[in-house]
$ cat target.cif   # mmCIF, C-alpha atoms
data_upload
loop_
_atom_site.group_PDB
_atom_site.id
_atom_site.type_symbol
_atom_site.label_atom_id
_atom_site.label_comp_id
_atom_site.auth_asym_id
_atom_site.auth_seq_id
_atom_site.Cartn_x
_atom_site.Cartn_y
_atom_site.Cartn_z
ATOM 1 C CA MET A 1 5.453 13.001 1.142
ATOM 2 C CA ILE A 2 7.385 9.792 0.617
ATOM 3 C CA ASP A 3 10.111 10.108 -2.013
ATOM 4 C CA PHE A 4 9.091 7.391 -4.474
ATOM 5 C CA ASP A 5 12.408 7.712 -6.309
ATOM 6 C CA VAL A 6 14.047 6.342 -3.157
ATOM 7 C CA HIS A 7 11.211 4.146 -1.817
ATOM 8 C CA SER A 8 9.684 2.459 -4.845
ATOM 9 C CA GLU A 9 9.547 -1.065 -3.372
ATOM 10 C CA PHE A 10 7.773 -2.112 -0.204
ATOM 11 C CA SER A 11 8.027 -5.567 1.413
ATOM 12 C CA LEU A 12 4.850 -5.864 3.445
ATOM 13 C CA SER A 13 4.055 -7.796 6.633
ATOM 14 C CA SER A 14 0.508 -7.771 7.935
ATOM 15 C CA ASP A 15 0.258 -5.262 10.806
ATOM 16 C CA ASP A 16 -3.046 -3.860 12.094
ATOM 17 C CA SER A 17 -1.363 -1.077 14.086
ATOM 18 C CA PHE A 18 -1.082 1.131 10.994
ATOM 19 C CA ALA A 19 -4.842 0.846 10.359
ATOM 20 C CA GLU A 20 -5.350 2.384 13.806
ATOM 21 C CA LEU A 21 -3.540 5.544 12.647
ATOM 22 C CA VAL A 22 -5.846 6.457 9.741
ATOM 23 C CA PRO A 23 -9.503 6.658 10.896
ATOM 24 C CA GLY A 24 -9.396 10.464 11.046
ATOM 25 C CA LEU A 25 -8.202 10.564 7.424
ATOM 26 C CA LEU A 26 -10.915 8.336 5.966
ATOM 27 C CA ILE A 27 -13.967 9.709 4.179
ATOM 28 C CA GLU A 28 -17.531 8.487 4.505
ATOM 29 C CA GLY A 29 -17.867 4.998 3.044
ATOM 30 C CA GLU A 30 -14.118 4.371 3.019
ATOM 31 C CA GLU A 31 -12.848 1.296 4.837
ATOM 32 C CA VAL A 32 -9.454 -0.263 5.474
ATOM 33 C CA ILE A 33 -8.922 -3.510 3.559
ATOM 34 C CA GLY A 34 -5.295 -4.127 4.506
ATOM 35 C CA SER A 35 -2.686 -2.740 6.895
ATOM 36 C CA TYR A 36 1.011 -3.594 6.656
ATOM 37 C CA SER A 37 4.388 -2.698 8.077
ATOM 38 C CA THR A 38 7.458 -2.327 5.968
ATOM 39 C CA GLY A 39 10.186 -2.068 8.520
ATOM 40 C CA ARG A 40 9.553 1.086 10.530
ATOM 41 C CA ASP A 41 7.096 2.497 7.963
ATOM 42 C CA GLY A 42 3.690 1.219 6.930
ATOM 43 C CA VAL A 43 1.143 1.005 4.139
ATOM 44 C CA VAL A 44 -2.640 1.033 4.483
ATOM 45 C CA PHE A 45 -4.889 -0.001 1.599
ATOM 46 C CA THR A 46 -8.510 1.149 1.676
ATOM 47 C CA ASN A 47 -11.304 0.475 -0.765
ATOM 48 C CA LEU A 48 -10.468 3.863 -2.409
ATOM 49 C CA ARG A 49 -6.713 4.471 -2.080
ATOM 50 C CA VAL A 50 -3.319 3.352 -0.862
ATOM 51 C CA MET A 51 -1.651 5.312 1.944
ATOM 52 C CA PRO A 52 2.078 4.819 2.512
ATOM 53 C CA ILE A 53 2.998 6.026 6.005
ATOM 54 C CA ASP A 54 6.487 7.393 6.577
ATOM 55 C CA VAL A 55 7.432 7.207 10.261
ATOM 56 C CA GLN A 56 9.865 10.032 10.994
ATOM 57 C CA GLY A 57 12.029 11.336 13.780
ATOM 58 C CA PHE A 58 13.881 9.691 16.617
ATOM 59 C CA THR A 59 10.761 8.719 18.577
ATOM 60 C CA GLY A 60 8.641 7.831 15.529
ATOM 61 C CA LYS A 61 5.747 10.018 16.675
ATOM 62 C CA LYS A 62 5.974 12.214 13.580
ATOM 63 C CA ARG A 63 4.337 10.536 10.587
ATOM 64 C CA ASP A 64 3.738 11.514 6.985
ATOM 65 C CA PHE A 65 0.622 10.068 5.330
ATOM 66 C CA THR A 66 0.650 10.033 1.526
ATOM 67 C CA SER A 67 -2.698 9.456 -0.189
ATOM 68 C CA ILE A 68 -2.735 7.832 -3.618
ATOM 69 C CA PRO A 69 -6.255 7.401 -5.011
ATOM 70 C CA TYR A 70 -6.704 4.284 -7.131
ATOM 71 C CA LYS A 71 -8.052 6.499 -9.931
ATOM 72 C CA LYS A 72 -4.425 7.712 -10.367
ATOM 73 C CA VAL A 73 -3.290 4.151 -11.120
ATOM 74 C CA THR A 74 -2.885 3.863 -14.888
ATOM 75 C CA ALA A 75 -1.755 0.215 -14.984
ATOM 76 C CA TYR A 76 -1.001 -2.594 -12.602
ATOM 77 C CA SER A 77 0.429 -6.083 -12.642
ATOM 78 C CA VAL A 78 0.130 -9.062 -10.343
ATOM 79 C CA GLU A 79 2.947 -11.588 -10.019
ATOM 80 C CA THR A 80 2.238 -14.836 -8.218
ATOM 81 C CA ALA A 81 4.833 -16.855 -6.329
ATOM 82 C CA GLY A 82 6.962 -19.418 -8.118
ATOM 83 C CA THR A 83 8.485 -22.642 -6.861
ATOM 84 C CA LEU A 84 11.243 -20.937 -4.895
ATOM 85 C CA ASP A 85 9.473 -17.615 -4.266
ATOM 86 C CA ALA A 86 7.552 -17.035 -1.053
ATOM 87 C CA ASP A 87 6.204 -13.632 -1.990
ATOM 88 C CA VAL A 88 3.710 -12.257 -4.487
ATOM 89 C CA GLU A 89 3.955 -8.808 -6.016
ATOM 90 C CA LEU A 90 1.601 -6.026 -6.959
ATOM 91 C CA ASP A 91 3.113 -3.338 -9.208
ATOM 92 C CA LEU A 92 1.246 -0.070 -9.646
ATOM 93 C CA VAL A 93 1.980 2.548 -12.298
ATOM 94 C CA ILE A 94 0.821 5.806 -10.746
ATOM 95 C CA SER A 95 0.303 8.930 -12.827
ATOM 96 C CA GLY A 96 2.875 11.537 -11.808
ATOM 97 C CA LEU A 97 4.834 9.158 -9.544
ATOM 98 C CA GLY A 98 5.959 6.209 -11.647
ATOM 99 C CA LYS A 99 6.037 2.545 -10.686
ATOM 100 C CA VAL A 100 5.676 1.295 -7.115
ATOM 101 C CA LYS A 101 6.110 -2.361 -6.135
ATOM 102 C CA PHE A 102 4.418 -3.999 -3.145
ATOM 103 C CA ARG A 103 5.613 -7.455 -2.027
ATOM 104 C CA PHE A 104 3.093 -9.518 -0.076
ATOM 105 C CA TYR A 105 3.472 -12.850 1.661
ATOM 106 C CA ASN A 106 -0.190 -13.754 1.309
ATOM 107 C CA LEU A 107 -1.690 -14.266 -2.152
ATOM 108 C CA GLU A 108 -5.311 -13.845 -1.015
ATOM 109 C CA GLU A 109 -4.610 -10.464 0.629
ATOM 110 C CA MET A 110 -2.888 -9.184 -2.502
ATOM 111 C CA LEU A 111 -5.685 -10.452 -4.766
ATOM 112 C CA GLU A 112 -8.328 -8.732 -2.619
ATOM 113 C CA ILE A 113 -6.491 -5.424 -2.937
ATOM 114 C CA SER A 114 -5.994 -5.878 -6.681
ATOM 115 C CA ARG A 115 -9.775 -6.385 -7.086
ATOM 116 C CA TYR A 116 -10.432 -2.978 -5.487
ATOM 117 C CA ILE A 117 -7.861 -1.410 -7.804
ATOM 118 C CA ALA A 118 -9.402 -3.102 -10.842
ATOM 119 C CA LYS A 119 -12.857 -1.871 -9.850
ATOM 120 C CA ALA A 120 -11.549 1.690 -9.528
ATOM 121 C CA ILE A 121 -9.640 1.888 -12.806
ATOM 122 C CA LEU A 122 -11.540 -0.348 -15.227
#

$ encode --input "target.cif" --output "structure tokens"
Amino acid sequence: MIDFDVHSEFSLSSDDSFAELVPGLLIEGEEVIGSYSTGRDGVVFTNLRVMPIDVQGFTGKKRDFTSIPYKKVTAYSVETAGTLDADVELDLVISGLGKVKFRFYNLEEMLEISRYIAKAIL
């Protein structure tokens, strides 16, 4: 499992390759809504959960998939870009884990994900 005390902020770049890693982990009716890289690691958002992916080892073939259902999100905030900011942020407060920040470079992608989270927790 990813250590969220160490990795509590993720700067995300759109990357479909991480979505290709999760089909065997998805349940019936679950679909990927966003797939991102964050350096060597990745994050996949589905309509039901967020899955940070920790790429491990020298070759990167070993991977740890953490599953965080949106129903465990107790609060969230959306921060839009300012005049000098290029990124937008989605902060999630997750029961048992604390706060996790996701930085996006596309407002529409972040807003789509936040709508799924809102639907799950409100």

$ atom_distance --input "target.cif" --atom1 "CA of Gly60 (chain A)" --atom2 "CA of Leu21 (chain A)"
12.7 Å

$ resolve_selection --input "target.cif" --expression "the PyMOL selection byres ((chain A and resi 68) around 9)" --output "short mmCIF file (atom, residue, chain, number, x, y, z; two decimals) with C-alpha atoms, keeping the file's coordinate frame"
data_model
loop_
_atom_site.label_atom_id
_atom_site.label_comp_id
_atom_site.auth_asym_id
_atom_site.auth_seq_id
_atom_site.Cartn_x
_atom_site.Cartn_y
_atom_site.Cartn_z
CA LEU A 48 -10.47 3.86 -2.41
CA ARG A 49 -6.71 4.47 -2.08
CA VAL A 50 -3.32 3.35 -0.86
CA MET A 51 -1.65 5.31 1.94
CA PRO A 52 2.08 4.82 2.51
CA THR A 66 0.65 10.03 1.53
CA SER A 67 -2.70 9.46 -0.19
CA PRO A 69 -6.26 7.40 -5.01
CA TYR A 70 -6.70 4.28 -7.13
CA LYS A 71 -8.05 6.50 -9.93
CA LYS A 72 -4.42 7.71 -10.37
CA VAL A 73 -3.29 4.15 -11.12
CA ILE A 94 0.82 5.81 -10.75
#

$ residues_around --input "target.cif" --residues "Asn106 (chain A)" --least-positions-apart "4" --cutoff "9 Å" --atoms "all atoms listed in the file" --output "MDAnalysis selection string"
chainID A and resid 14 86:88 110:111

$ closest_residue --input "target.cif" --among "A:Glu9, A:Asp91, A:Glu30, A:Asp54" --to "Ser77 (chain A)" --atoms "all atoms listed in the file"
A:Asp91

$ residues_near_point --input "target.cif" --point "(9.5, -11.5, -0.2)" --cutoff "12 Å" --atoms "all atoms listed in the file" --output "list in words"
Glu9, Phe10, Ser11, Leu12, Ser13, Thr38, Glu79, Thr80, Ala81, Gly82, Leu84, Asp85, Ala86, Asp87, Val88, Glu89, Leu90, Lys101, Phe102, Arg103, Phe104, Tyr105, Asn106 and Leu107 of chain A

$ closest_residue --input "target.cif" --among "A:Asp15, A:Glu108, A:Glu20, A:Phe58" --to "Ser35 (chain A)" --atoms "only C-alpha atoms"
A:Asp15

$ resolve_selection --input "target.cif" --expression "the PyMOL selection byres ((chain A and resi 17) around 12)" --output "PyMOL selection string"
chain A and resi 13-16+18-23+32+34-37+40-44+53

$ atom_distance --input "target.cif" --atom1 "CA of Gly96 (chain A)" --atom2 "CA of Glu112 (chain A)"
24.9 Å

$ resolve_selection --input "target.cif" --expression "the PyMOL selection byres ((chain A and resi 75) around 7)" --output "short mmCIF file (atom, residue, chain, number, x, y, z; two decimals) with C-alpha atoms, in the coordinates of the input"
data_model
loop_
_atom_site.label_atom_id
_atom_site.label_comp_id
_atom_site.auth_asym_id
_atom_site.auth_seq_id
_atom_site.Cartn_x
_atom_site.Cartn_y
_atom_site.Cartn_z
CA VAL A 73 -3.29 4.15 -11.12
CA THR A 74 -2.88 3.86 -14.89
CA TYR A 76 -1.00 -2.59 -12.60
CA LEU A 92 1.25 -0.07 -9.65
CA VAL A 93 1.98 2.55 -12.30
#

$ closest_residue --input "target.cif" --among "A:Gly57, A:Asn47, A:Glu28, A:Gly39" --to "Ala120 (chain A)" --atoms "all atoms listed in the file"
A:Asn47

$ atom_distance --input "target.cif" --atom1 "CA of Arg115 (chain A)" --atom2 "CA of Val55 (chain A)"
28.0 Å

$ closest_residue --input "target.cif" --among "A:Lys61, A:Thr46, A:Gly24, A:Gly98" --to "Ile117 (chain A)" --atoms "all atoms listed in the file"
A:Thr46

$ decode --input "target.cif" --residues "region 101-116 of chain A" --atoms "N, CA and C atoms" --output "CSV table (one decimal), in the first residue's frame"
chain,number,residue,atom,x,y,z
A,101,LYS,N,-3.7,15.2,-2.0
A,101,LYS,CA,-3.9,16.3,-3.0
A,101,LYS,C,-3.5,15.8,-4.4
A,102,PHE,N,-4.4,16.0,-5.3
A,102,PHE,CA,-4.1,15.7,-6.7
A,102,PHE,C,-4.1,17.0,-7.5
A,103,ARG,N,-3.0,17.2,-8.2
A,103,ARG,CA,-2.8,18.4,-9.1
A,103,ARG,C,-3.0,17.9,-10.6
A,104,PHE,N,-4.0,18.6,-11.2
A,104,PHE,CA,-4.3,18.4,-12.6
A,104,PHE,C,-3.9,19.5,-13.5
A,105,TYR,N,-3.7,19.3,-14.7
A,105,TYR,CA,-3.4,20.4,-15.7
A,105,TYR,C,-4.6,20.6,-16.6
A,106,ASN,N,-5.7,20.0,-16.3
A,106,ASN,CA,-6.9,20.1,-17.2
A,106,ASN,C,-8.1,20.3,-16.2
A,107,LEU,N,-8.7,21.4,-16.2
A,107,LEU,CA,-9.8,21.7,-15.4
A,107,LEU,C,-11.0,20.8,-15.6
A,108,GLU,N,-11.3,20.5,-16.9
A,108,GLU,CA,-12.5,19.7,-17.2
A,108,GLU,C,-12.3,18.3,-16.7
A,109,GLU,N,-11.1,17.7,-16.8
A,109,GLU,CA,-10.9,16.4,-16.3
A,109,GLU,C,-11.1,16.3,-14.8
A,110,MET,N,-10.5,17.3,-14.1
A,110,MET,CA,-10.7,17.3,-12.7
A,110,MET,C,-12.1,17.5,-12.2
A,111,LEU,N,-12.9,18.4,-13.0
A,111,LEU,CA,-14.3,18.6,-12.6
A,111,LEU,C,-15.1,17.3,-12.9
A,112,GLU,N,-14.8,16.6,-13.9
A,112,GLU,CA,-15.5,15.3,-14.2
A,112,GLU,C,-15.3,14.3,-13.0
A,113,ILE,N,-14.1,14.2,-12.6
A,113,ILE,CA,-13.8,13.3,-11.4
A,113,ILE,C,-14.5,13.8,-10.2
A,114,SER,N,-14.5,15.1,-9.9
A,114,SER,CA,-15.1,15.6,-8.7
A,114,SER,C,-16.6,15.4,-8.7
A,115,ARG,N,-17.2,15.4,-9.9
A,115,ARG,CA,-18.7,15.0,-10.0
A,115,ARG,C,-19.0,13.6,-9.6
A,116,TYR,N,-18.1,12.7,-9.9
A,116,TYR,CA,-18.3,11.3,-9.5
A,116,TYR,C,-18.1,11.2,-8.0
